[in-house]
Amino acid sequence: MSSNPRKPVLIIGGSGVVGSLAAKALRRLQPDLPLTIGGRDVSRAQAVAREVGLADATTVDLSRPDLGQPSSRAYSAVVLFVKDDTLNSLRYAQAHGLPYLGISTSLFEVAPEVALHMHQPTRSPILLGSAWLVGAATLPALQFAREFRALESIAIGAVLDEQDVGGAAAYADLDRQSKATPNTLILENGQWRWVGGDAALRTFRDGEGQDVQGQAYTMLDPASLAAATQAKSIRFDVAIGTSAPRRRGEPFSTEIIFELEGTLHDGTRTRVRHELMHPEGQAPMTAVGVAVGVERLLGLAGGAPVTPGLYLPHVLIEPEYLLRRLQEFGARLRRA
């Protein structure tokens, strides 16, 4: 492998579309961190490992408590890019006292993971990374919220091109999460509500001023923002369709529209709008969110290694840091 004494990060699903990008992003941020690309097809994993460098590959079997890993293998963290219905990946991390980051568990699915943590709360730091694009909406929103003395509302609209769903694992997540429940949780006038039908729909303007219709989507973002702010109304909507560049015949992009309303520190009541766009779609932004989460868990950036506990991204990661990293990896930010 390498003379580097650090143990590798096991990236389960690291040969997929987003997983491979995350491995490359992590390599760019942490050139000396060993990686192990895990998947069902070891030849694909080996190809990614060669491309990333300072990496090897392994076959992962999520049906087994040991993930099919020999006892001689040792890792520094476990990162999961697929939905693990067995939760063996989390159990494996806990059994070895490893940091764990998963990105595929929706808001209404977190109970089994929470229960595993509560059963063994001193075993592993667990980062629930299932916010939109692993924090690319929540953390910038918190950065923008610093302009306010008091927030009334946060409305986030994400534009996902229908050609930009991602690989098989990402499509499975989107399909499962959209079909599992007909209603979505939002915060409205200080009360949590499950909304469906017309109440779950919201029209907002994309970055080129065109109206798009979004639908409330059950991610961790509203719960995170409600915990971190005093906003009375918070909702997160996703519009899936044709992104603005593709309407012009160009490759798809992804956008996140932030609309915050409240009172500024000087007493002025106002509404502000920020637009965060990546011209290559959602995958690069997700990859950065994962890479930043891993380096934070391991204490390679932003502080010491994280102690055992159950964490949301905004608890561990400085919002300005993630926003800066997103821009370094090609995202464009505009105050509109």
# chains A, B, ... in the order shown; residues from 1 in each chain; ligands from 1
$ residues_around --residues "Pro112 in chain A" --least-positions-apart "2" --cutoff "12 Å" --atoms "only C-alpha atoms" --output "NGL selection string"
:A and (84-88 or 90-91 or 105-110 or 114-119)
$ select_by_dssp --residues "range 177-218 of chain A" --states "helix (DSSP H, G or I)" --output "list in words"
Gln177, Ser178, Lys179, Ala180, Gly197, Asp198, Ala199 and Ala200 of chain A
$ write_last_selection --atoms "all heavy atoms" --output "PDB file, in the first residue's frame"
ATOM      1  N   GLN A 177     -37.126   7.289  -1.493  1.00  0.00           N
ATOM      2  CA  GLN A 177     -37.525   8.386  -0.623  1.00  0.00           C
ATOM      3  C   GLN A 177     -38.776   9.099  -1.128  1.00  0.00           C
ATOM      4  O   GLN A 177     -39.592   9.567  -0.332  1.00  0.00           O
ATOM      5  CB  GLN A 177     -36.361   9.356  -0.485  1.00  0.00           C
ATOM      6  CG  GLN A 177     -35.180   8.761   0.286  1.00  0.00           C
ATOM      7  CD  GLN A 177     -33.919   9.580   0.162  1.00  0.00           C
ATOM      8  OE1 GLN A 177     -33.912  10.660  -0.434  1.00  0.00           O
ATOM      9  NE2 GLN A 177     -32.833   9.085   0.722  1.00  0.00           N
ATOM     10  N   SER A 178     -38.934   9.172  -2.441  1.00  0.00           N
ATOM     11  CA  SER A 178     -40.103   9.861  -2.986  1.00  0.00           C
ATOM     12  C   SER A 178     -41.371   9.014  -2.894  1.00  0.00           C
ATOM     13  O   SER A 178     -42.477   9.558  -2.844  1.00  0.00           O
ATOM     14  CB  SER A 178     -39.844  10.263  -4.443  1.00  0.00           C
ATOM     15  OG  SER A 178     -39.581   9.125  -5.246  1.00  0.00           O
ATOM     16  N   LYS A 179     -41.216   7.671  -2.834  1.00  0.00           N
ATOM     17  CA  LYS A 179     -42.376   6.790  -2.788  1.00  0.00           C
ATOM     18  C   LYS A 179     -42.744   6.326  -1.381  1.00  0.00           C
ATOM     19  O   LYS A 179     -43.847   5.858  -1.154  1.00  0.00           O
ATOM     20  CB  LYS A 179     -42.126   5.565  -3.670  1.00  0.00           C
ATOM     21  CG  LYS A 179     -42.057   5.863  -5.158  1.00  0.00           C
ATOM     22  CD  LYS A 179     -41.781   4.593  -5.946  1.00  0.00           C
ATOM     23  CE  LYS A 179     -41.742   4.877  -7.449  1.00  0.00           C
ATOM     24  NZ  LYS A 179     -41.433   3.642  -8.222  1.00  0.00           N
ATOM     25  N   ALA A 180     -41.809   6.440  -0.454  1.00  0.00           N
ATOM     26  CA  ALA A 180     -42.018   5.842   0.863  1.00  0.00           C
ATOM     27  C   ALA A 180     -43.132   6.528   1.651  1.00  0.00           C
ATOM     28  O   ALA A 180     -43.842   5.885   2.428  1.00  0.00           O
ATOM     29  CB  ALA A 180     -40.724   5.860   1.674  1.00  0.00           C
ATOM     30  N   GLY A 197     -49.987  16.970  -1.145  1.00  0.00           N
ATOM     31  CA  GLY A 197     -50.836  17.644  -2.125  1.00  0.00           C
ATOM     32  C   GLY A 197     -50.320  19.024  -2.473  1.00  0.00           C
ATOM     33  O   GLY A 197     -49.122  19.268  -2.569  1.00  0.00           O
ATOM     34  N   ASP A 198     -51.255  19.979  -2.614  1.00  0.00           N
ATOM     35  CA  ASP A 198     -50.878  21.342  -2.997  1.00  0.00           C
ATOM     36  C   ASP A 198     -50.009  22.019  -1.949  1.00  0.00           C
ATOM     37  O   ASP A 198     -49.173  22.868  -2.278  1.00  0.00           O
ATOM     38  CB  ASP A 198     -52.129  22.187  -3.241  1.00  0.00           C
ATOM     39  CG  ASP A 198     -52.889  21.755  -4.500  1.00  0.00           C
ATOM     40  OD1 ASP A 198     -52.292  21.036  -5.333  1.00  0.00           O
ATOM     41  OD2 ASP A 198     -54.078  22.114  -4.623  1.00  0.00           O
ATOM     42  N   ALA A 199     -50.187  21.665  -0.683  1.00  0.00           N
ATOM     43  CA  ALA A 199     -49.400  22.294   0.379  1.00  0.00           C
ATOM     44  C   ALA A 199     -47.927  21.931   0.283  1.00  0.00           C
ATOM     45  O   ALA A 199     -47.067  22.636   0.836  1.00  0.00           O
ATOM     46  CB  ALA A 199     -49.943  21.895   1.743  1.00  0.00           C
ATOM     47  N   ALA A 200     -47.624  20.852  -0.407  1.00  0.00           N
ATOM     48  CA  ALA A 200     -46.232  20.426  -0.552  1.00  0.00           C
ATOM     49  C   ALA A 200     -45.567  21.036  -1.767  1.00  0.00           C
ATOM     50  O   ALA A 200     -44.371  20.822  -1.996  1.00  0.00           O
ATOM     51  CB  ALA A 200     -46.163  18.904  -0.639  1.00  0.00           C
TER      52      ALA A 200
END
$ select_by_dssp --residues "range 108-269 of chain A" --states "strand (DSSP E or B)" --output "compact mmCIF listing (two decimals) with N, CA, C and O atoms, in the first residue's frame"
# COMPACT_ATOMS: atom_id res chain seq x y z
N PRO A 125 -18.06 7.87 16.40
CA PRO A 125 -18.71 9.10 15.94
C PRO A 125 -19.46 8.80 14.64
O PRO A 125 -18.87 8.29 13.67
N ILE A 126 -20.74 9.09 14.63
CA ILE A 126 -21.60 8.79 13.49
C ILE A 126 -22.09 10.12 12.89
O ILE A 126 -22.75 10.90 13.58
N LEU A 127 -21.75 10.36 11.65
CA LEU A 127 -22.16 11.58 10.97
C LEU A 127 -23.31 11.25 10.03
O LEU A 127 -23.14 10.50 9.06
N LEU A 128 -24.50 11.77 10.33
CA LEU A 128 -25.66 11.59 9.47
C LEU A 128 -25.56 12.59 8.32
O LEU A 128 -25.94 13.75 8.45
N PHE A 148 -28.23 37.98 9.90
CA PHE A 148 -29.47 38.35 10.57
C PHE A 148 -29.33 38.32 12.09
O PHE A 148 -28.66 37.45 12.65
N ARG A 149 -30.00 39.26 12.74
CA ARG A 149 -30.15 39.22 14.19
C ARG A 149 -31.25 38.25 14.58
O ARG A 149 -31.15 37.54 15.58
N ALA A 150 -32.30 38.21 13.77
CA ALA A 150 -33.43 37.31 14.02
C ALA A 150 -33.98 36.84 12.68
O ALA A 150 -34.26 37.65 11.79
N LEU A 151 -34.12 35.54 12.52
CA LEU A 151 -34.65 34.96 11.28
C LEU A 151 -36.12 34.61 11.44
O LEU A 151 -36.52 34.04 12.46
N GLU A 152 -36.90 34.92 10.43
CA GLU A 152 -38.29 34.50 10.41
C GLU A 152 -38.47 33.24 9.57
O GLU A 152 -39.17 32.32 9.99
N SER A 153 -37.86 33.22 8.39
CA SER A 153 -38.09 32.07 7.51
C SER A 153 -36.86 31.76 6.67
O SER A 153 -36.06 32.64 6.36
N ILE A 154 -36.73 30.48 6.35
CA ILE A 154 -35.71 29.99 5.43
C ILE A 154 -36.41 29.10 4.43
O ILE A 154 -37.05 28.12 4.80
N ALA A 155 -36.31 29.47 3.16
CA ALA A 155 -36.87 28.65 2.09
C ALA A 155 -35.74 28.29 1.13
O ALA A 155 -35.08 29.18 0.58
N ILE A 156 -35.52 27.01 0.95
CA ILE A 156 -34.46 26.53 0.07
C ILE A 156 -35.10 25.77 -1.08
O ILE A 156 -35.94 24.89 -0.86
N GLY A 157 -34.70 26.13 -2.29
CA GLY A 157 -35.18 25.43 -3.47
C GLY A 157 -34.01 24.85 -4.25
O GLY A 157 -33.10 25.57 -4.62
N ALA A 158 -34.03 23.56 -4.44
CA ALA A 158 -32.96 22.89 -5.19
C ALA A 158 -33.49 22.52 -6.57
O ALA A 158 -34.61 22.01 -6.70
N VAL A 159 -32.68 22.78 -7.58
CA VAL A 159 -33.02 22.41 -8.95
C VAL A 159 -32.13 21.24 -9.35
O VAL A 159 -30.90 21.38 -9.43
N LEU A 160 -32.74 20.10 -9.60
CA LEU A 160 -32.03 18.89 -9.99
C LEU A 160 -32.47 18.53 -11.41
O LEU A 160 -33.65 18.28 -11.65
N ASP A 161 -31.52 18.54 -12.32
CA ASP A 161 -31.85 18.17 -13.69
C ASP A 161 -32.24 16.70 -13.75
O ASP A 161 -31.63 15.86 -13.09
N THR A 184 -44.53 15.26 3.60
CA THR A 184 -43.19 15.76 3.88
C THR A 184 -43.25 16.68 5.10
O THR A 184 -44.22 17.42 5.28
N LEU A 185 -42.20 16.65 5.92
CA LEU A 185 -42.17 17.43 7.15
C LEU A 185 -41.58 18.82 6.88
O LEU A 185 -40.48 18.95 6.34
N ILE A 186 -42.33 19.85 7.24
CA ILE A 186 -41.84 21.22 7.15
C ILE A 186 -42.15 21.94 8.47
O ILE A 186 -42.99 21.49 9.26
N LEU A 187 -41.45 23.03 8.71
CA LEU A 187 -41.73 23.88 9.86
C LEU A 187 -42.50 25.10 9.37
O LEU A 187 -42.03 25.83 8.48
N GLU A 188 -43.67 25.32 9.93
CA GLU A 188 -44.52 26.41 9.47
C GLU A 188 -45.07 27.16 10.68
O GLU A 188 -45.77 26.57 11.52
N GLN A 191 -44.50 25.49 14.01
CA GLN A 191 -45.03 24.15 14.24
C GLN A 191 -44.59 23.21 13.13
O GLN A 191 -44.61 23.56 11.94
N TRP A 192 -44.20 21.98 13.51
CA TRP A 192 -43.86 20.96 12.53
C TRP A 192 -45.13 20.38 11.94
O TRP A 192 -46.05 20.02 12.67
N ARG A 193 -45.17 20.30 10.60
CA ARG A 193 -46.35 19.79 9.92
C ARG A 193 -45.94 18.81 8.83
O ARG A 193 -44.95 19.03 8.13
N TRP A 194 -46.72 17.75 8.69
CA TRP A 194 -46.58 16.86 7.55
C TRP A 194 -47.54 17.36 6.48
O TRP A 194 -48.75 17.45 6.71
N VAL A 195 -46.99 17.73 5.32
CA VAL A 195 -47.82 18.31 4.26
C VAL A 195 -47.77 17.43 3.02
O VAL A 195 -46.78 16.74 2.74
N LEU A 201 -46.31 21.80 -2.55
CA LEU A 201 -45.77 22.41 -3.76
C LEU A 201 -45.38 23.86 -3.51
O LEU A 201 -46.03 24.57 -2.73
N ARG A 202 -44.32 24.30 -4.15
CA ARG A 202 -43.91 25.71 -4.05
C ARG A 202 -43.23 26.11 -5.35
O ARG A 202 -42.38 25.38 -5.88
N THR A 203 -43.61 27.26 -5.87
CA THR A 203 -42.99 27.80 -7.07
C THR A 203 -41.91 28.80 -6.67
O THR A 203 -42.15 29.68 -5.83
N PHE A 204 -40.72 28.65 -7.23
CA PHE A 204 -39.64 29.60 -6.97
C PHE A 204 -38.89 29.86 -8.28
O PHE A 204 -39.03 29.11 -9.25
N ARG A 205 -38.09 30.92 -8.28
CA ARG A 205 -37.34 31.29 -9.48
C ARG A 205 -35.97 30.62 -9.48
O ARG A 205 -35.29 30.62 -8.45
N ASP A 211 -39.63 30.63 -13.47
CA ASP A 211 -40.36 29.94 -12.41
C ASP A 211 -40.27 28.44 -12.60
O ASP A 211 -40.48 27.92 -13.71
N VAL A 212 -39.98 27.74 -11.51
CA VAL A 212 -39.99 26.28 -11.51
C VAL A 212 -40.84 25.82 -10.33
O VAL A 212 -40.94 26.52 -9.31
N GLN A 213 -41.45 24.68 -10.46
CA GLN A 213 -42.28 24.17 -9.36
C GLN A 213 -41.52 23.10 -8.60
O GLN A 213 -41.12 22.09 -9.15
N GLY A 214 -41.31 23.37 -7.33
CA GLY A 214 -40.66 22.41 -6.47
C GLY A 214 -41.65 21.71 -5.57
O GLY A 214 -42.78 22.18 -5.38
N GLN A 215 -41.24 20.60 -5.03
CA GLN A 215 -42.05 19.86 -4.08
C GLN A 215 -41.25 19.63 -2.81
O GLN A 215 -40.07 19.30 -2.87
N ALA A 216 -41.90 19.83 -1.66
CA ALA A 216 -41.22 19.62 -0.38
C ALA A 216 -40.66 18.21 -0.34
O ALA A 216 -41.31 17.25 -0.73
N SER A 233 -40.32 29.40 10.22
CA SER A 233 -40.78 28.65 9.07
C SER A 233 -39.57 28.21 8.25
O SER A 233 -38.71 29.04 7.91
N ILE A 234 -39.50 26.92 7.96
CA ILE A 234 -38.38 26.37 7.19
C ILE A 234 -38.92 25.29 6.27
O ILE A 234 -39.65 24.40 6.72
N ARG A 235 -38.57 25.38 5.00
CA ARG A 235 -38.94 24.31 4.09
C ARG A 235 -37.85 24.13 3.04
O ARG A 235 -37.11 25.06 2.72
N PHE A 236 -37.81 22.91 2.52
CA PHE A 236 -36.83 22.55 1.51
C PHE A 236 -37.57 21.88 0.37
O PHE A 236 -38.29 20.89 0.57
N ASP A 237 -37.44 22.44 -0.83
CA ASP A 237 -38.17 21.94 -1.99
C ASP A 237 -37.20 21.57 -3.10
O ASP A 237 -36.17 22.23 -3.29
N VAL A 238 -37.54 20.54 -3.84
CA VAL A 238 -36.74 20.11 -4.98
C VAL A 238 -37.59 20.18 -6.25
O VAL A 238 -38.72 19.67 -6.28
N ALA A 239 -37.03 20.83 -7.26
CA ALA A 239 -37.64 20.85 -8.58
C ALA A 239 -36.81 19.98 -9.50
O ALA A 239 -35.62 20.24 -9.71
N ILE A 240 -37.40 18.92 -10.01
CA ILE A 240 -36.71 18.01 -10.92
C ILE A 240 -37.24 18.25 -12.33
O ILE A 240 -38.44 18.18 -12.58
N GLY A 241 -36.32 18.58 -13.23
CA GLY A 241 -36.73 18.87 -14.60
C GLY A 241 -35.54 19.23 -15.45
O GLY A 241 -34.51 18.55 -15.41
N THR A 254 -26.66 22.10 -11.58
CA THR A 254 -27.55 22.02 -10.43
C THR A 254 -27.51 23.34 -9.70
O THR A 254 -26.48 24.05 -9.73
N GLU A 255 -28.62 23.72 -9.09
CA GLU A 255 -28.71 24.99 -8.37
C GLU A 255 -29.34 24.77 -7.00
O GLU A 255 -30.15 23.86 -6.82
N ILE A 256 -28.95 25.63 -6.07
CA ILE A 256 -29.64 25.71 -4.78
C ILE A 256 -29.95 27.18 -4.55
O ILE A 256 -29.05 28.03 -4.55
N ILE A 257 -31.23 27.47 -4.38
CA ILE A 257 -31.70 28.84 -4.18
C ILE A 257 -32.04 29.04 -2.71
O ILE A 257 -32.84 28.28 -2.14
N PHE A 258 -31.45 30.05 -2.09
CA PHE A 258 -31.66 30.34 -0.67
C PHE A 258 -32.43 31.65 -0.54
O PHE A 258 -31.99 32.69 -1.06
N GLU A 259 -33.54 31.63 0.17
CA GLU A 259 -34.31 32.84 0.44
C GLU A 259 -34.53 32.93 1.94
O GLU A 259 -35.21 32.09 2.53
N LEU A 260 -33.93 33.94 2.55
CA LEU A 260 -34.01 34.12 4.00
C LEU A 260 -34.68 35.46 4.29
O LEU A 260 -34.39 36.47 3.65
N GLU A 261 -35.55 35.45 5.29
CA GLU A 261 -36.27 36.67 5.67
C GLU A 261 -36.17 36.86 7.17
O GLU A 261 -36.28 35.90 7.94
N GLY A 262 -35.93 38.11 7.57
CA GLY A 262 -35.83 38.40 8.99
C GLY A 262 -35.31 39.79 9.24
O GLY A 262 -35.40 40.67 8.37
N THR A 263 -34.73 40.00 10.42
CA THR A 263 -34.24 41.31 10.84
C THR A 263 -32.73 41.28 10.92
O THR A 263 -32.14 40.42 11.58
N LEU A 264 -32.11 42.25 10.24
CA LEU A 264 -30.65 42.34 10.24
C LEU A 264 -30.16 42.87 11.58
O LEU A 264 -30.94 43.33 12.43
N ARG A 269 -35.58 45.16 8.55
CA ARG A 269 -36.25 43.92 8.16
C ARG A 269 -36.09 43.73 6.66
O ARG A 269 -36.35 44.66 5.88
$ atom_distance --atom1 "CA of Arg176 in chain A" --atom2 "CA of Asp164 in chain A"
16.8 Å
$ residues_around --residues "range 131-139 of chain A" --least-positions-apart "5" --cutoff "8 Å" --atoms "only C-alpha atoms" --output "list in words"
Ile103, Ile156, Met219, Leu220, Asp221, Ser224, Leu225, Ile256, Gln282, Ala283, Met285, Thr286, Gly289, Val290, Pro313, His314, Glu318, Pro319, Glu320, Leu322, Leu323 and Leu326 of chain A
$ closest_residue --among "A:Val42, A:Ala170, A:Val315, A:Met277" --to "Gly330 in chain A" --atoms "only C-alpha atoms"
A:Met277
$ residues_around --residues "range 50-59 of chain A" --least-positions-apart "2" --cutoff "7 Å" --atoms "only C-alpha atoms" --output "ChimeraX atom specification"
/A:1-2,23-24,27,34-42,45-48,61
$ closest_residue --among "A:Ala223, A:Glu328, A:Ala95, A:Ala336" --to "Asp206 in chain A" --atoms "only C-alpha atoms"
A:Ala336
